[in-house]
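Notes to accompany the following structure.
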Amino acid sequence: MSTEAAVAADPTTTNWAEARSRVYEAGRSAAPPPVELPVAEVDGQTLAEPLTNLTDLPAFPTSSVDGWAVRGTGPWRLVGRVLAGSTPPPLPEEGTAVEIATGAMLPDGATGVLRVEESTRTADGLVAGTLRSAPEWRAAGEEAQAGEELLPAGTPVDPGVIGLAASCGYDTLRVRRAPRAALIIFGDELLTVGRPGAGRVRDSLGPAVPAWLRRYGCEITSADVVGPVADTLEAHVEALRQGLATADLVCTTGGTMHGPVDHLHPALRELGAGYVVNTVAVRPGFPMLLARVTGPDGRVRFVAGLPGNPQSAIVAIVSLVAPLLAGLRGRVMPELPRVTLAEPVPGRGDHTHLALVRVDPATNTATPVRHVGSAMLRGLAGAAGFAVIAPGTQGEPGDQVPVVPLPLLPGERPQRGV
């Protein structure tokens with residue numbers, strides 16, 4: 001790995017809002033180039049350029065119902081049939097009609113479409129009925145005009161976007177791929193199976209962090225999770241080197257302090273890393289970091305140092321990893337919704353306080369949850385997100401404050417508000 005500005009031994013604490021902005025811009029500047037993929041393979045990716053209509057949508061006038069395309073006033077003489085997928089000849093004269101199917105192209109000269117269920121046949125074989133006042137067909141370009149921008153670059157691709165692109169005639173789309181992530185678990189005290197006890201604690205982040213990362217749009221498999229890694233500098237350097245060889249983002253858990261077995265900072269120096277953010281003025285979540293490493297291919301990768309305490313690690317994910325990934329994917333920085341506090345929430349002095357809350361979707365009010373120590377996960381399991389209490393303030397009932405929602409998988413609906 002080539003050397004950037006070497007990581008400093010002493011951390012420089014960054015304001016929480018500034019940290020989010022800084023890592024987002026770092027992600028944007030390091031976003032990989034777009035790729036061209038078939039429309040059937042772009043679910044979960046991000047549009048790299050605006051989706052522009054290739055033709056009028058619909059491309060030609062189409063019947064909205066099964067019935068009769070007619071010319072002039074009735075009753076009408078039947079002169080043919082039009083099915084979807086064919087190009088009909090014009091209606092030849094006043095008083096003529098063709099049978100038409102839903103979605104079929106309207107023949108030139110047609111002045112109306114009569115619903116089949118609102119029509120009758122006369123004794124001499126003519127079609128009779130009363131046309132509705134509203135047209136029963138879709139005009140060419142009714143949904144969108146050729147060349148019209150339908151969606152901007154940076155739009156997340158979901159099945160609705162895929163269907164729209166296909167309807168416009170796209171076979172492929174230029175997208176930004178989901179980043180590849182890896183996770184390294186530090187800590188000799190961790191158990192990966194069984195019950196905690198006798199000085200050993202069960203690793204909760206190894207199973208949980210990949211799920212969080214997938215919800216933020218990363219690709220990560222069980223093979224991308226390594227550890228617990230031995231508490232030596234050599235083992236830390238090797239694990240990071242291997243992770244950075246394949247991943248755009250390597251998350252680590254633990255080792256973000258400067259204690260006798262905290263080797264993350266020395267390992268980053270060994271790899272020639274440079275800090276984007278080194279510690280953030282937020283509680284819980286101390287200390288967290290994001291470092292940048294330039295590989296031999298010139299491409300930038302990132303290391304997110306998550307604290308070892310479980311809730312603090314999740315705070316680091318929502319604070320640093322989420323905006324970084326938004327930048328890497330070419331998406332806009334997520335705007336934080338606001339909620340009304342139903343109960344007091346204490347401040348944390350000069351630090352931003354991210355307080356776990358439930359949110360009542362009917363009233364958009366937030367209530368703090370219990371069991372929210374930095375090492376606890378019980379409160380997190382019942383929360384909708386983190387209420388943001390600004391430095392030097394405290395939350396009072398009735399205050400409107402930003403909230404960082406916990407991420408959902410595509411298609412999931414929030415169960416606890418936000």
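Chains: A, B, ... in order of the structure tokens. Residues: from 1 per chain. Ligands: from 1, in order shown.
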
Using only C-alpha atoms, determine which residues lie at most 10 Å from stretch 229-245 of chain A, disregarding the query and same-chain residues fewer than 4 positions distant; provide the list as a VMD selection string. chain A and resid 1 181 to 190 224 to 225 249 to 252 255 260 to 271 293 to 296 300 to 303

Using only C-alpha atoms, which residues sit within 7 Å of A:Met105 once same-chain residues fewer than 4 positions away are excluded, as a PyMOL selection string? chain A and resi 60-63+84+87

With N, CA and C atoms retained, could you export that selection as a PDB file, in the first residue's frame?
```pdb
ATOM      1  N   PHE A  60     -47.154   4.986 -28.719  1.00  0.00           N
ATOM      2  CA  PHE A  60     -48.244   5.175 -29.671  1.00  0.00           C
ATOM      3  C   PHE A  60     -49.552   5.164 -28.884  1.00  0.00           C
ATOM      4  N   PRO A  61     -50.630   5.722 -29.425  1.00  0.00           N
ATOM      5  CA  PRO A  61     -51.903   5.700 -28.695  1.00  0.00           C
ATOM      6  C   PRO A  61     -52.420   4.271 -28.552  1.00  0.00           C
ATOM      7  N   THR A  62     -52.844   3.932 -27.340  1.00  0.00           N
ATOM      8  CA  THR A  62     -53.292   2.571 -27.067  1.00  0.00           C
ATOM      9  C   THR A  62     -54.647   2.588 -26.386  1.00  0.00           C
ATOM     10  N   SER A  63     -55.421   1.550 -26.651  1.00  0.00           N
ATOM     11  CA  SER A  63     -56.724   1.435 -26.016  1.00  0.00           C
ATOM     12  C   SER A  63     -56.559   1.059 -24.550  1.00  0.00           C
ATOM     13  N   ALA A  84     -53.303  -6.528 -29.564  1.00  0.00           N
ATOM     14  CA  ALA A  84     -52.039  -5.956 -29.084  1.00  0.00           C
ATOM     15  C   ALA A  84     -50.882  -6.553 -29.867  1.00  0.00           C
ATOM     16  N   THR A  87     -50.022  -3.460 -35.999  1.00  0.00           N
ATOM     17  CA  THR A  87     -50.217  -2.087 -36.474  1.00  0.00           C
ATOM     18  C   THR A  87     -51.454  -2.069 -37.365  1.00  0.00           C
TER      19      THR A  87
END
```

Just to confirm, what's the straight-line distance from atom CA of A:Ile314 to atom CA of A:Leu47 in Å (one decimal)?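 Here the two named atoms are 27.9 Å from each other.
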
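Residues of stretch 64-179 of chain A assigned to alpha helix (DSSP H) by DSSP on this structure's backbone: Pro159, Gly160, Val161, Ile162, Gly163, Leu164, Ala165, Ala166, Ser167 and Cys168 of chain A.
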
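Excluding A:Pro159 and any residue on its chain fewer than 5 positions from it, the residues at most 9 Å away by only C-alpha atoms are Asp43, Gly44 and Leu164 of chain A.
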
How would the residues just picked look written out with N, CA and C atoms as an mmCIF file, in the first residue's frame?
```
data_model
loop_
_atom_site.group_PDB
_atom_site.id
_atom_site.type_symbol
_atom_site.label_atom_id
_atom_site.label_comp_id
_atom_site.auth_asym_id
_atom_site.auth_seq_id
_atom_site.Cartn_x
_atom_site.Cartn_y
_atom_site.Cartn_z
ATOM 1 N N ASP A 43 -30.834 -4.529 -9.691
ATOM 2 C CA ASP A 43 -31.569 -4.309 -8.445
ATOM 3 C C ASP A 43 -30.588 -4.042 -7.305
ATOM 4 N N GLY A 44 -30.836 -2.985 -6.534
ATOM 5 C CA GLY A 44 -29.984 -2.641 -5.403
ATOM 6 C C GLY A 44 -28.802 -1.770 -5.752
ATOM 7 N N LEU A 164 -39.626 0.631 -14.982
ATOM 8 C CA LEU A 164 -39.717 1.866 -15.743
ATOM 9 C C LEU A 164 -38.669 1.893 -16.846
#
```

Among the residues of stretch 108-197 of chain A, find those DSSP assigns to strand (DSSP E) from the backbone and print them as a VMD selection string. chain A and resid 112 to 115 119 to 121 127 to 129 137 to 138 149 to 151 172 to 176 181 to 186 190 to 191

Residues within 8 Å of stretch 125-142 of chain A, only C-alpha atoms, excluding chain neighbours under 3 positions, as a PyMOL selection string: chain A and resi 56-65+74-78+97+106+112-115+118-122+145-146

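Closest to A:Ala342 among A:Ala144, A:Leu320, A:Leu150, A:Val369 is A:Val369, based on only C-alpha atoms.
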